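Report on one structure; see the data block that follows.
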There are 4 protein chains.
Amino acid sequence: MMVVMTTRATEAQIAAVRAKFTASGVDAQVIEGELATAVGAVGDPNGIRKSDLESMPGVERIVPFSTPYKLASNELTHHEPSSFEVRDRLIGGNETFCLIAGPCTVESREQALSVAKTVETAGASMLRGGAFKPRTSPFAFQGLGEEGLEILVEAREQTGLPIVTELLDAQHADLVAQHADVIQIGTRNMQNYVLLELAGQLGKPVLLKRGFSSTLEELLMAADYILKEGNERVILCERGIRSFETATRFTLDLGAVPWLKQRSHLPVIVDPSHATGDASPVEPLACAAAAAGADGAMVEVHYEPKAALCDAPQAQNAKDFPAFVSRVAVHAALAGRRIAQP
Amino acid sequence: MMVVMTTRATEAQIAAVRAKFTASGVDAQVIEGELATAVGAVGDPNGIRKSDLESMPGVERIVPFSTPYKLASNELTHHEPSSFEVRDRLIGGNETFCLIAGPCTVESREQALSVAKTVETAGASMLRGGAFKPRTSPFAFQGLGEEGLEILVEAREQTGLPIVTELLDAQHADLVAQHADVIQIGTRNMQNYVLLELAGQLGKPVLLKRGFSSTLEELLMAADYILKEGNERVILCERGIRSFETATRFTLDLGAVPWLKQRSHLPVIVDPSHATGDASPVEPLACAAAAAGADGAMVEVHYEPKAALCDAPQAQNAKDFPAFVSRVAVHAALAGRRIAQP
Amino acid sequence: MMVVMTTRATEAQIAAVRAKFTASGVDAQVIEGELATAVGAVGDPNGIRKSDLESMPGVERIVPFSTPYKLASNELTHHEPSSFEVRDRLIGGNETFCLIAGPCTVESREQALSVAKTVETAGASMLRGGAFKPRTSPFAFQGLGEEGLEILVEAREQTGLPIVTELLDAQHADLVAQHADVIQIGTRNMQNYVLLELAGQLGKPVLLKRGFSSTLEELLMAADYILKEGNERVILCERGIRSFETATRFTLDLGAVPWLKQRSHLPVIVDPSHATGDASPVEPLACAAAAAGADGAMVEVHYEPKAALCDAPQAQNAKDFPAFVSRVAVHAALAGRRIAQP
Amino acid sequence: MMVVMTTRATEAQIAAVRAKFTASGVDAQVIEGELATAVGAVGDPNGIRKSDLESMPGVERIVPFSTPYKLASNELTHHEPSSFEVRDRLIGGNETFCLIAGPCTVESREQALSVAKTVETAGASMLRGGAFKPRTSPFAFQGLGEEGLEILVEAREQTGLPIVTELLDAQHADLVAQHADVIQIGTRNMQNYVLLELAGQLGKPVLLKRGFSSTLEELLMAADYILKEGNERVILCERGIRSFETATRFTLDLGAVPWLKQRSHLPVIVDPSHATGDASPVEPLACAAAAAGADGAMVEVHYEPKAALCDAPQAQNAKDFPAFVSRVAVHAALAGRRIAQP
């Protein structure tokens with residue numbers, strides 16, 4: 001942490017700042033320049049509070065220089081990419097590409113089972129499907145709830161595919177944990193810290209979607225909330241951020257993939273369906289994600305997109321899905337990865 | 001809703017779109033232009049789904065033209081600004097300016113009581129203070145919890161000021177409802193729909209903070225979640241949005257005030273403390289909020305800012321608070337409002 | 001400037017970074033922490049290049065801590081707000097509020113003269129009007145050019161009001177400088193450095209509008225381009241930034257006013273007309289600008305808004321303008337300012 | 001265009017809006033709904049002005065539904081991707097991938113010639129290099145000017161590579177046009193309409209970079225400024241937009257590639273170097289651009305990145321460039337494209 005003093009700071013004010021560091025057991029140094037002076041220390045950021053310093057006389061501003069995330073970083077404990085298995089599919093570790101596919105929402109037994117069969121035959125790694133859905137308007141379809149979870153389990157029995165489904169609220173935690181193989185935390189809950197801690201305690205891998213207005217540092221801090229509960233099986237998911245551009249629903253931030261891979265040991269996947277809100281760019285962007293070095297992608301697939309009860313325009317048609325998988329797989333192969341399968 | 005057809009859409013495709021409207025009981029008309037054709041209807045947007053139309057052959061895109069929010073609008077039921085009382089303070093109705101002040105977080109009995117006394121003496125309308133705090137990092141101070149609520153109640157007994165405090169999670173709902181006069185929903189929970197509905201059921205006024213990346217339409221839709229539970233006492237709060245500018249912590253969107261006042265009957269207040277993350281611009285921006293026609297402001301006040309356990313740099317010093325109230329009050333008076341008091 | 005080393009940086013790498021500083025004549029110090037080491041110096045940022053350091057082995061990142069703007073700052077030469085006169089109106093210096101009003105574009109002699117008369121009678125400080133207009137679509141009305149400038153001069157002769165008009169391109173520089181009292185640089189040209197330098201050489205005050213996606217630091221750096229030509233008469237103008245919010249055309253960043261006033265000696269005015277793209281919030285936001293401590297405001301006024309050839313919805317109606325001036329003036333008076341007049 | 005009336009609009013007001021359309025020779029229809037009425041027409045958007053309608057009594061808002069860009073669209077004239085040759089390299093037409101590489105800025109004869117040789121040997125399509133540079137701070141290196149252009153010509157003579165260089169200001173137009181094969185319009189000039197028109201008249205292909213805060217619609221409208229001068233050889237370039245995320249310098253919007261390809265006939269390339277401001281993610285993102293269906297990429301290459309006078313951290317090291325080309329080429333090949341070569 002570096003404390004920059006105003007140009008008119010007195011010797012005594014500078015000494016006071018240095019003493020503040022020393023009192024916290026952190027050794028600080030005074031750096032004098034032509035125009036201004038700074039006092040700096042590289043130490044435990046919990047040892048001294050930013051606000052303590054900011055309010056001291058003569059202080060202009062504080063420049064932090066350690067990363068605010070700890071457990072998700074690859075600096076401290078995990079220097080290599082972490083990996084784990086979900087029903088014999090290897091996730092992470094730079095060898096596989098985890099392709100998660102399925103309907104946005106489970107709407108009926110017929111729909112879910114037929115999509116599950118399609119994605120399994122085409123070679124997907126896991127099945128996604130929502131049982132509890134967050135909706136912007138209070139009057140929209142909210143999902144089938146427990147019945148939806150049971151349909152997903154039946155789909156797993158028929159196809160062997162692990163299930164990824166969203167935990168929307170603490171009241172459904174046990175129910176979701178009993179049925180799901182991977183628990184998804186949605187974009188609107190990325191900073192719901194109570195839910196993050198709970199998700200860390202359920203004993204299942206967690207797929208953490210980036211908040212659509214959260215920075216990558218905040219994503220890694222949110223991952224820390226899960227990791228500190230002792231759950232090391234966390235998957236990060238870039239799903240588009242909100243920018244001034246409204247041509248696409250969100251702006252897919254593919255630059256997040258190399259940035260995260262360079263700084264964190266956690267696997268990073270990409271969701272192009274929600275990012276664009278439109279089916280046609282999903283294939284080029286899923287291929288792009290594979291080319292950029294992502295550990296996987298999550299896409300929506302639907303038999304009859306026009307009848308889907310939510311987010312239909314962004315769902316891939318099931319009949320095109322096998323070709324989609326082939327194209328993504330070759331780009332992933334060029335990046336040294338095979339589709340994750342048992 | 002207007003369906004714009006591609007330039008190459010066939011007669012049959014156009015007819016099919018029109019038939020889709022008709023089948024939903026909505027009368028549609030075909031509008032032919034030189035380059036393109038559109039099919040339009042002004043009807044119940046729940047009667048037909050956007051996704052149904054988007055996937056039809058020949059359709060280029062859908063242009064909605066009714067507002068997605070209903071109960072918060074001033075078009076349907078409340079043509080005049082709504083108002084209600086909280087312990088004899090009038091909120092809303094364009095006559096008063098509700099000045100809510102207090103510490104960011106309740107840290108101790110001494111701190112909370114002394115700040116409460118200061119803000120009451122200076123003429124504030126209500127006391128704010130956090131007992132449960134959302135924190136970006138899992139290692140930061142999380143608030144005193146129930147003990148904090150009890151301290152707030154003691155402050156109310158001593159000063160008569162109504163209490164505004166945040167409901168962070170469903171598990172604390174009853175506890176918070178028992179103690180608070182106004183229940184605050186924080187920026188990170190603006191789209192936590194389960195919590196919104198719950199807040200609507202607790203029988204207390206709700207102060208709904210805008211999500212820092214939520215549009216104004218989404219804010220009004222979030223208010224609908226509370227209003228539909230039969231709770232009409234909702235206060236909207238602009239508290240800064242996330243933009244590319246990082247000079248201030250968030251970008252205070254004061255244009256939101258006239259925009260919301262023009263479209264909604266709900267009272268609109270402004271929180272300049274969290275918007276800027278810095279104490280020095282709080283006074284000019286609170287005065288600006290009053291001048292812009294806001295129904296109130298919420299600010300942080302602290303006796304010894306340098307010792308605050310969270311967000312200290314943005315807290316006003318208590319000794320400057322009486323002068324602050326005077327200045328805000330005169331700008332509010334020019335806008336035809338008196339500080340809300342019993 | 002602080003160079004943060006990676007956790008695995010060697011002694012030799014750290015020494016090399018320090019030597020780099022020393023070779024540039026800047027004294028650097030090594031700050032050792034538990035997890036990482038940093039090398040820091042407070043010196044002339046031109047003496048050493050950020051890129052030199054970033055590419056050295058063992059370097060994680062560079063943390064600058066001096067401001068990138070110089071001449072616009074109030075740290076170095078001008079510790080007090082600067083001020084100057086334009087035809088006997090005092091601009092800057094914290095005593096006056098400069099109210100600039102007029103049509104978006106000069107459309108005809110009749111229109112311009114009648115608006116000029118209205119704004120002068122109502123008490124405005126200056127007359128604005130565009131002769132050359134930037135338009136997003138190549139097929140829109142581009143302004144009257146030289147004829148427009150001559151009409152503005154005639155308006156000045158009749159009313160005494162100084163003229164503010166935009167310099168859009170270098171080819172019109174002499175023409176605009178001959179006619180205008182204040183030369184405006186538009187939002188799309190804030191980083192057109194050739195034009196900024198040229199504007200600095202024309203011997204007239206410059207009104208520099210913030211780029212709608214430019215940070216406040218970039219605004220001050222752009223001002224430096226004008227100031228370094230020896231022209232100290234620069235007015236900064238906040239006019240709304242582009243954010244994710246589309247309810248208003250741009251997001252007026254009123255927090256920019258106290259931020260800029262605290263760091264720069266230059267006068268700061270606000271343009272609510274372009275920020276919102278709508279006439280109705282212009283008055284509340286102009287009052288808010290005055291309450292926030294701005295040195296002025298610039299608004300569009302039109303006799304018959306419905307016939308304006310550009311940006312009509314955001315223009316104030318001339319008949320309402322006297323009441324508008326009265327309301328803004330009282331908020332400015334509370335902030336210790338009188339409307340700038342001869 | 002659809003005019004939505006307020007819920008309280010009278011019959012006469014509705015009739016007046018319809019009459020306004022009719023008077024402009026556009027046939028309009030009235031669409032009645034339960035809550036509101038709309039008046040719509042699909043016609044020449046130049047025939048009637050949005051502002052005329054917005055100010056009519058009873059009008060709530062205007063919903064445009066034709067695209068604001070014309071010549072760049074693939075709806076009107078060019079239904080197929082357009083293509084053209086630059087010194088026997090085919091650009092556009094979905095068959096080739098145009099790889100443009102070179103130094104950010106021409107710094108010396110030795111530097112430029114050695115980089116040119118490297119990129120030609122590795123198989124690049126064109127050579128990029130700046131002779132005139134826009135710089136945020138007025139005190140930074142501004143480029144070699146005419147001398148830089150002559151060095152680029154010498155590099156072309158030695159390697160056969162066509163030259164891409166930026167036109168920064170009208171005063172250099174003839175000079176740049178004489179030397180360059182492709183004229184680049186930089187991100188800060190995307191809405192410098194005078195320069196766009198000039199670029200359209202120089203008889204050379206134009207590479208138009210997206211403004212870092214411009215929407216895709218605005219990019220296509222800017223292209224219209226060039227196209228209307230009769231110059232059909234325009235290349236669009238996505239180079240990152242400004243968002244709230246500061247982890248990368250800009251946010252590369254790869255979703256722009258399929259969006260633009262779907263709506264415009266113009267070739268679309270991607271510049272990952274400027275988007276990220278860092279060399280390490282350039283390769284994954286260039287591969288991603290190829291996988292997403294881009295018509296090319298533009299990257300910075302430097303022999304000794306640490307000595308570059310501008311933007312060094314984002315330049316690829318020349319020794320790694322052959323491997324880079326190989327990897328990008330295979331992803332492009334999967335998308336059905338070969339690197340553009342004579």
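Note on naming: chains are A, B, ... as they come in the structure tokens, residues start from 1 per chain, ligands start from 1 in the order shown.
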Please identify all polymer residues within 9 Å of Arg337 of chain D, counting only C-alpha atoms, omitting same-chain residues fewer than 2 positions from it, and present them as a tab-separated table (two decimals) with N, CA and C atoms, in the first residue's frame.
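Heads up, here's the output in result.tsv:
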```tsv
chain	number	residue	atom	x	y	z
D	94	ASN	N	-15.47	-13.57	-47.48
D	94	ASN	CA	-15.54	-14.81	-46.67
D	94	ASN	C	-14.57	-15.91	-47.06
D	95	GLU	N	-13.56	-15.59	-47.86
D	95	GLU	CA	-12.60	-16.65	-48.25
D	95	GLU	C	-11.23	-16.48	-47.60
D	96	THR	N	-10.94	-15.24	-47.22
D	96	THR	CA	-9.60	-14.99	-46.71
D	96	THR	C	-9.63	-14.40	-45.32
D	97	PHE	N	-8.47	-14.44	-44.67
D	97	PHE	CA	-8.27	-13.83	-43.36
D	97	PHE	C	-7.09	-12.88	-43.52
D	290	ALA	N	-10.58	-15.24	-35.32
D	290	ALA	CA	-10.65	-16.12	-36.50
D	290	ALA	C	-11.78	-17.13	-36.33
D	293	GLY	N	-15.28	-15.90	-37.01
D	293	GLY	CA	-15.68	-15.55	-38.37
D	293	GLY	C	-15.21	-14.20	-38.85
D	295	ASP	N	-12.90	-11.36	-40.71
D	295	ASP	CA	-12.20	-11.33	-41.99
D	295	ASP	C	-10.73	-10.98	-41.83
D	329	ALA	N	-3.73	-19.09	-38.23
D	329	ALA	CA	-4.10	-19.63	-39.56
D	329	ALA	C	-4.93	-20.89	-39.45
D	331	HIS	N	-6.99	-21.78	-37.00
D	331	HIS	CA	-8.36	-21.44	-36.59
D	331	HIS	C	-9.12	-20.80	-37.75
D	332	ALA	N	-8.43	-19.95	-38.51
D	332	ALA	CA	-9.08	-19.34	-39.68
D	332	ALA	C	-9.45	-20.42	-40.70
D	333	ALA	N	-8.57	-21.39	-40.87
D	333	ALA	CA	-8.84	-22.46	-41.84
D	333	ALA	C	-10.10	-23.24	-41.45
D	334	LEU	N	-10.30	-23.47	-40.14
D	334	LEU	CA	-11.51	-24.17	-39.69
D	334	LEU	C	-12.75	-23.35	-40.03
D	335	ALA	N	-12.57	-22.03	-40.10
D	335	ALA	CA	-13.69	-21.15	-40.47
D	335	ALA	C	-13.76	-20.95	-41.98
D	339	ILE	N	-5.10	-17.34	-45.07
D	339	ILE	CA	-4.50	-16.02	-44.85
D	339	ILE	C	-4.40	-15.32	-46.21
D	340	ALA	N	-4.83	-14.06	-46.29
D	340	ALA	CA	-4.82	-13.32	-47.56
D	340	ALA	C	-3.38	-13.09	-48.01
```
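Note that DSSP on the backbone gives strand (DSSP E or B) to these residues of segment 205-317 of chain B: Val206, Leu207, Leu208, Lys209, Val234, Ile235, Leu236, Cys237, Glu238, Ile241, Thr251, Asp253, Ser264, Val268, Ile269, Val270, Gly296, Ala297, Met298, Val299, Glu300, Val301, His302, Gln316 and Asn317 of chain B.
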Tell me, as an NGL selection string, which residues lie within 9 Å of Pro103 of chain A, counting only C-alpha atoms; anything in the same chain fewer than 6 positions away does not count.
-> :A and (111-112 or 115-116 or 127-130 or 299-303 or 308 or 315)
Contacts of Val176 of chain A at 8 Å or less, counting only C-alpha atoms, minus same-chain residues fewer than 4 places along, as a PyMOL selection string?
-> chain A and resi 149+165-167+172+180+183
For segment 257-264 of chain D, list every protein, DNA or RNA residue within 7 Å, evaluated using only C-alpha atoms, and leave out those in the same chain fewer than 6 positions away; present the list as a list in words.
->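 Residues near the query, excluding close chain neighbours: Pro281 of chain A; Ala72, Ser73, Asn74, Ala292, Gly293 and Ala294 of chain D.
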For all heavy atoms, I'd like the residues from the last selection saved as a compact mmCIF listing (two decimals), in the first residue's frame.
```
# COMPACT_ATOMS: atom_id res chain seq x y z
N PRO A 281 -25.36 -15.94 -33.06
CA PRO A 281 -23.93 -15.80 -32.79
C PRO A 281 -23.39 -16.81 -31.78
O PRO A 281 -22.21 -16.75 -31.45
CB PRO A 281 -23.81 -14.38 -32.22
CG PRO A 281 -25.13 -14.07 -31.65
CD PRO A 281 -26.15 -14.90 -32.40
N ALA D 72 -23.98 0.84 -45.81
CA ALA D 72 -23.20 -0.24 -45.20
C ALA D 72 -24.05 -1.49 -44.96
O ALA D 72 -23.53 -2.56 -44.67
CB ALA D 72 -22.59 0.23 -43.88
N SER D 73 -25.36 -1.34 -45.07
CA SER D 73 -26.27 -2.45 -44.82
C SER D 73 -26.23 -3.48 -45.95
O SER D 73 -25.93 -3.14 -47.09
CB SER D 73 -27.69 -1.88 -44.69
OG SER D 73 -28.64 -2.90 -44.81
N ASN D 74 -26.55 -4.71 -45.63
CA ASN D 74 -26.66 -5.70 -46.71
C ASN D 74 -28.12 -5.91 -47.14
O ASN D 74 -28.43 -6.86 -47.85
CB ASN D 74 -26.00 -7.03 -46.32
CG ASN D 74 -26.62 -7.63 -45.07
OD1 ASN D 74 -27.68 -7.19 -44.63
ND2 ASN D 74 -25.96 -8.61 -44.49
N ALA D 292 -14.43 -16.82 -34.61
CA ALA D 292 -15.73 -16.14 -34.61
C ALA D 292 -16.16 -15.68 -36.00
O ALA D 292 -17.24 -15.13 -36.16
CB ALA D 292 -15.70 -14.94 -33.65
N GLY D 293 -15.28 -15.90 -37.01
CA GLY D 293 -15.68 -15.55 -38.37
C GLY D 293 -15.21 -14.20 -38.85
O GLY D 293 -15.73 -13.69 -39.86
N ALA D 294 -14.22 -13.62 -38.18
CA ALA D 294 -13.71 -12.32 -38.63
C ALA D 294 -12.99 -12.47 -39.96
O ALA D 294 -12.50 -13.54 -40.32
CB ALA D 294 -12.76 -11.73 -37.58
```
Chain A contacts to chain D at 6 Å (only C-alpha atoms) as a count of residues only | 11
All residues 7 Å or closer to Gly40 of chain D, only C-alpha atoms, same chain fewer than 4 positions away omitted, as a list of chain:residue names | D:Met1, D:Met2, D:Val3, D:Ala28, D:Gln29, D:Val30
Residues within 9 Å of Lys228 of chain C, only C-alpha atoms, excluding chain neighbours under 2 positions, as a VMD selection string = (chain C and resid 71 197 200 223 to 226 230 to 232) or (chain D and resid 138)
Atom CA of Glu107 of chain A to atom CA of Ala131 of chain A, straight-line distance in Å =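 Taking atom CA of Ala131 of chain A and atom CA of Glu107 of chain A, their separation equals 8.5 Å.
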Counting only C-alpha atoms, figure out which residue out of D:Leu53, D:Met5, D:Met190, D:Ala12 gets nearest to Glu238 of chain D.
-> D:Met190
Quote the spacing between atom CA of Gln316 of chain B and atom CA of Glu146 of chain B in Å to one decimal place.
->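 According to the coordinates, atom CA of Gln316 of chain B and atom CA of Glu146 of chain B are separated by 25.6 Å.
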Mind the document's chain letters and residue numbers, and return as a ChimeraX atom specification the residues of segment 145-308 of chain A that DSSP labels alpha helix (DSSP H).
-> /A:146-159,173-179,193-201,216-227,256-263,272-276,282-291
Mind giving me the straight-line distance from atom CA of Thr10 of chain A to atom CA of Asn317 of chain B in Å, one decimal?
-> 23.3 Å
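In this comparison, which uses only C-alpha atoms, the residue of D:Asn189, D:Thr22, D:Gln201, D:Thr159 approaching Ala177 of chain D most closely is D:Gln201.
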